[in-house]
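Structure file run_29.cif (mmCIF, C-alpha atoms) is printed below.
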data_coords
loop_
_atom_site.label_atom_id
_atom_site.label_comp_id
_atom_site.auth_asym_id
_atom_site.auth_seq_id
_atom_site.Cartn_x
_atom_site.Cartn_y
_atom_site.Cartn_z
CA MET A 1 24.45 23.72 8.23
CA VAL A 2 20.98 22.67 9.29
CA ILE A 3 20.69 20.34 6.32
CA SER A 4 24.07 18.83 7.18
CA ASN A 5 22.97 18.16 10.76
CA ILE A 6 19.74 16.59 9.58
CA THR A 7 21.70 14.39 7.19
CA ASP A 8 24.02 13.30 10.00
CA ILE A 9 21.06 12.48 12.25
CA ILE A 10 19.38 10.46 9.51
CA THR A 11 22.64 8.65 8.75
CA ASN A 12 23.25 7.86 12.42
CA ASN A 13 19.70 6.61 12.89
CA LEU A 14 19.96 4.54 9.75
CA ASN A 15 23.22 2.99 10.96
CA LEU A 16 21.58 2.27 14.31
CA VAL A 17 18.63 0.57 12.62
CA ILE A 18 20.97 -1.48 10.43
CA GLY A 19 23.05 -2.46 13.46
CA LEU A 20 20.00 -3.45 15.49
CA SER A 21 18.60 -5.41 12.55
CA ALA A 22 21.88 -7.26 12.10
CA TYR A 23 21.98 -8.09 15.81
CA ALA A 24 18.38 -9.29 15.74
CA VAL A 25 19.15 -11.51 12.74
CA TYR A 26 22.23 -12.88 14.54
CA ARG A 27 20.23 -13.72 17.67
CA LEU A 28 17.48 -15.34 15.63
CA GLU A 29 19.99 -17.45 13.71
CA ARG A 30 21.73 -18.37 16.97
CA ARG A 31 18.46 -19.46 18.55
CA ASN A 32 17.63 -21.51 15.46
CA GLU A 33 21.05 -23.18 15.64
CA ILE A 34 20.49 -24.04 19.31
CA LYS A 35 17.00 -25.35 18.54
CA LYS A 36 18.33 -27.48 15.68
CA SER A 37 21.20 -28.85 17.79
CA ALA A 38 18.90 -29.69 20.71
CA THR A 39 16.50 -31.43 18.32
CA ILE A 40 19.27 -33.56 16.79
CA VAL A 41 20.63 -34.57 20.20
CA LEU A 42 17.16 -35.27 21.58
CA LEU A 43 16.22 -37.45 18.61
CA ALA A 44 19.48 -39.40 19.01
CA VAL A 45 18.76 -39.92 22.72
CA ARG A 46 15.21 -41.10 22.04
CA GLN A 47 16.35 -43.51 19.33
CA ALA A 48 19.02 -44.98 21.60
CA GLU A 49 16.57 -45.32 24.49
CA ARG A 50 14.03 -47.09 22.26
CA THR A 51 16.69 -49.53 21.06
CA ILE A 52 17.85 -50.19 24.62
CA SER A 53 14.26 -50.78 25.73
CA THR A 54 13.67 -53.21 22.85
CA VAL A 55 16.82 -55.18 23.66
CA LYS A 56 15.91 -55.39 27.34
CA GLU A 57 12.38 -56.56 26.57
CA THR A 58 13.32 -59.14 23.94
CA ARG A 59 16.67 -60.08 25.50
CA ASN A 60 17.98 -60.30 21.96
CA ILE A 61 20.81 -58.25 20.47
CA ASP A 62 21.32 -58.14 16.72
CA PRO A 63 24.71 -56.53 15.97
CA ARG A 64 23.50 -55.56 12.50
CA SER A 65 20.38 -53.63 13.49
CA HIS A 66 20.69 -52.61 17.13
CA ARG A 67 23.14 -49.73 16.83
CA LEU A 68 22.40 -47.09 19.44
CA VAL A 69 23.82 -43.90 17.89
CA ARG A 70 24.43 -42.87 14.30
CA GLY A 71 27.38 -40.55 13.91
CA ASP A 72 28.51 -38.38 16.82
CA PRO A 73 25.66 -35.91 17.48
CA TRP A 74 26.69 -34.95 21.01
CA SER A 75 30.30 -34.01 20.23
CA THR A 76 29.11 -32.11 17.16
CA HIS A 77 26.46 -30.02 18.91
CA ASN A 78 27.28 -29.82 22.63
CA HIS A 79 29.12 -26.48 22.28
CA LEU A 80 25.81 -24.84 21.36
CA LEU A 81 23.98 -26.37 24.32
CA ALA A 82 26.58 -25.96 27.07
CA ASP A 83 25.21 -22.61 28.29
CA HIS A 84 21.72 -24.06 28.67
CA LEU A 85 22.55 -27.16 30.72
CA ASP A 86 24.07 -27.30 34.18
CA GLU A 87 27.19 -29.31 34.99
CA ASP A 88 25.31 -32.40 36.16
CA GLU A 89 23.09 -32.41 33.08
CA LEU A 90 26.08 -32.08 30.77
CA GLU A 91 27.86 -34.93 32.56
CA LEU A 92 24.77 -37.16 32.39
CA ILE A 93 24.31 -36.64 28.64
CA ASP A 94 28.03 -36.97 27.98
CA GLN A 95 28.19 -40.29 29.84
CA PHE A 96 25.07 -41.52 28.05
CA PHE A 97 26.66 -41.03 24.63
CA LYS A 98 30.00 -42.46 25.78
CA ASN A 99 28.26 -45.66 26.91
CA CYS A 100 26.27 -45.85 23.68
CA THR A 101 29.43 -45.41 21.61
CA LEU A 102 31.18 -48.14 23.59
CA ILE A 103 28.32 -50.58 22.96
CA ASP A 104 28.25 -49.69 19.26
CA LYS A 105 31.97 -50.45 19.04
CA MET A 106 31.34 -53.83 20.64
CA LEU A 107 28.59 -54.49 18.10
CA ASP A 108 30.94 -53.47 15.29
CA GLN A 109 33.47 -56.01 16.51
CA LEU A 110 30.84 -58.74 16.36
CA CYS A 111 29.78 -57.67 12.87
CA SER A 112 33.38 -57.65 11.67
CA HIS A 113 33.58 -61.36 12.40
CA PRO A 114 30.71 -63.12 10.57
CA GLN A 115 31.69 -66.44 12.13
CA VAL A 116 31.25 -64.96 15.60
CA HIS A 117 27.91 -63.41 14.68
CA GLU A 118 26.59 -66.66 13.21
CA ARG A 119 27.83 -68.52 16.25
CA VAL A 120 25.93 -66.20 18.57
CA LEU A 121 22.73 -66.56 16.52
CA GLU A 122 23.03 -70.35 16.51
CA ILE A 123 23.48 -70.40 20.28
CA GLN A 124 20.41 -68.21 20.66
CA ARG A 125 18.35 -70.53 18.46
CA ILE A 126 19.38 -73.54 20.52
CA LEU A 127 18.61 -71.75 23.79
CA CYS A 128 15.16 -70.84 22.46
CA LYS A 129 14.52 -74.49 21.64
CA ILE A 130 15.70 -75.50 25.12
CA ALA A 131 13.30 -72.96 26.61
CA TYR A 132 10.41 -74.31 24.51
CA ASP A 133 11.19 -77.93 25.38
CA SER A 134 11.29 -76.98 29.07
CA THR A 135 7.71 -75.69 28.94
CA ILE A 136 6.29 -78.93 27.54
CA ASN A 137 8.26 -81.26 29.81
CA SER A 138 5.91 -82.84 32.34
CA GLU A 139 8.42 -84.05 34.91
CA PRO A 140 6.98 -83.70 38.41
CA ALA A 141 8.48 -81.54 41.15
CA THR A 142 10.24 -79.22 38.71
CA THR A 143 9.30 -75.95 37.11
CA ALA A 144 9.86 -74.88 33.54
CA GLN A 145 12.39 -72.31 34.75
CA ASP A 146 14.33 -74.96 36.70
CA ARG A 147 14.39 -77.30 33.72
CA TYR A 148 15.46 -74.52 31.38
CA GLN A 149 18.25 -73.33 33.67
CA LYS A 150 19.58 -76.87 34.12
CA SER A 151 19.54 -77.61 30.38
CA LYS A 152 20.98 -74.19 29.56
CA ASP A 153 23.89 -74.61 31.98
CA ALA A 154 24.63 -78.07 30.61
CA PHE A 155 24.58 -76.83 27.01
CA LEU A 156 26.78 -73.79 27.64
CA GLY A 157 29.15 -75.93 29.67
CA LEU A 158 29.68 -78.18 26.66
CA MET A 159 30.06 -75.21 24.33
CA GLU A 160 32.78 -73.68 26.48
CA LYS A 161 34.91 -76.78 25.99
CA GLU A 162 34.98 -76.25 22.23
CA GLU A 163 37.71 -74.20 20.60
CA THR A 164 35.67 -71.26 19.37
CA LEU A 165 36.38 -67.62 18.75
CA ILE A 166 34.16 -66.63 21.65
CA ASN A 167 32.88 -67.77 24.97
CA PRO A 168 29.19 -68.40 24.17
CA LYS A 169 28.10 -66.70 27.38
CA ASP A 170 30.06 -63.53 26.84
CA PRO A 171 28.88 -61.37 23.91
CA GLN A 172 25.18 -61.11 24.71
CA GLU A 173 25.57 -61.06 28.49
CA MET A 174 28.38 -58.54 28.36
CA LEU A 175 26.33 -56.24 26.13
CA ARG A 176 23.26 -56.59 28.34
CA ALA A 177 25.37 -55.70 31.37
CA ARG A 178 26.58 -52.58 29.59
CA LEU A 179 23.02 -51.67 28.64
CA THR A 180 21.92 -51.76 32.26
CA ASP A 181 24.61 -49.17 33.03
CA ILE A 182 23.05 -46.63 30.67
CA LEU A 183 20.78 -44.24 32.54
CA PRO A 184 17.83 -42.75 30.61
CA ILE A 185 17.96 -39.09 29.67
CA THR A 186 14.45 -38.12 28.57
CA THR A 187 12.96 -38.60 32.05
CA THR A 188 15.57 -36.42 33.77
CA THR A 189 16.01 -32.66 34.07
CA ALA A 190 18.57 -32.92 31.27
CA GLY A 191 15.90 -34.44 29.05
CA SER A 192 13.40 -31.76 30.02
CA GLN A 193 15.92 -29.07 29.16
CA LEU A 194 16.67 -30.64 25.77
CA LYS A 195 12.93 -30.80 25.05
CA ARG A 196 12.55 -27.14 25.98
CA LEU A 197 15.45 -26.08 23.80
CA ALA A 198 14.14 -28.16 20.91
CA SER A 199 10.67 -26.63 21.14
CA ARG A 200 9.72 -23.51 19.21
CA TRP A 201 8.91 -21.39 22.23
CA TRP A 202 11.86 -22.03 24.52
CA GLN A 203 12.51 -19.18 26.92
CA ARG A 204 15.52 -17.00 26.49
CA ARG A 205 18.67 -17.72 28.39
CA ARG A 206 22.19 -16.46 27.95
CA ILE A 207 23.38 -17.04 24.40
CA ARG A 208 27.06 -16.88 23.67
#

Could I get this file's structure written as structure tokens?
Amino acid sequence: MVISNITDIITNNLNLVIGLSAYAVYRLERRNEIKKSATIVLLAVRQAERTISTVKETRNIDPRSHRLVRGDPWSTHNHLLADHLDEDELELIDQFFKNCTLIDKMLDQLCSHPQVHERVLEIQRILCKIAYDSTINSEPATTAQDRYQKSKDAFLGLMEKEETLINPKDPQEMLRARLTDILPITTTTAGSQLKRLASRWWQRRRIR
């Protein structure tokens, strides 16, 4: 009888230890999944922000190399991060990726029409030459910016009269306008939270 009771106690304790160990493993795996998901999303955000910054600085958009997001990291991983971001943070990140996806689709459309892409590049080359010529023009009472703007408007005005697949003003300017609508993430509380979740020592919060 005594031996039977001891055996039951040992068995119960062993089951408890096994159960606690399994739960600890589950929580550790869950935290690792959250960390991995936050890292993937954060890297995607940083890459997109770097590309946006480059385009804004150079004022040049190359449809073949300036994609903002590869794949769909946010839709794939947001279910693991939802409990760790408030409603405003979720909305901000969601809108960020929606805008990036929209711009990437616009870039894909340009790439799908080589003639359009080459046309845009040719227009850019001509505008660069106009800008250079404006800086070496020595006409009095005018500035380089004034001369450039006048020559640019005249050139684009002539281009618009041609029967082309695109309006030469539209693709680059439309994309730049879209880029200005994209708010940065890494400098916000949403970015701070992603960084915390992606770090090794993020504090515990409710895990589903």

Could you pull the residues within 6 Å of region 143-152 of chain A, counting all atoms listed in the file, minus those fewer than 6 positions along the same chain, as a list in words? Ala131, Ser134 and Thr135 of chain A

Translate the PyMOL selection byres ((chain A and resi 43-47) around 8), as applied to the file shown, into an explicit residue set as a list in words. Thr39, Ile40, Val41, Leu42, Ala48, Glu49, Arg50, Thr51, Leu68, Val69, Arg70, Pro73, Ile185 and Thr186 of chain A

Taking into account all atoms listed in the file, which residue in the set A:Ile130, A:Ile52, A:Ile103, A:Leu90 is nearest to Leu175 (chain A)? A:Ile103

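The gap separating CA of Asp133 (chain A) from CA of Asp153 (chain A) is 14.7 Å, in Å to one decimal.
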
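Applied to this file, the PyMOL selection byres ((chain A and resi 91-99) around 9) selects the residues Val45, Val69, Asp72, Pro73, Trp74, Ser75, Asn78, Asp86, Glu87, Asp88, Glu89, Leu90, Cys100, Thr101, Leu102, Ile103, Asp104, Arg178, Leu179, Asp181, Ile182, Leu183, Pro184, Ile185, Ala190 and Gly191 of chain A.
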
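Selection check: the PyMOL selection byres ((chain A and resi 195-200) around 7) on the shown file gives Lys35, Lys36, Ala38, Thr39, Gly191, Ser192, Gln193, Leu194, Trp201 and Trp202 of chain A.
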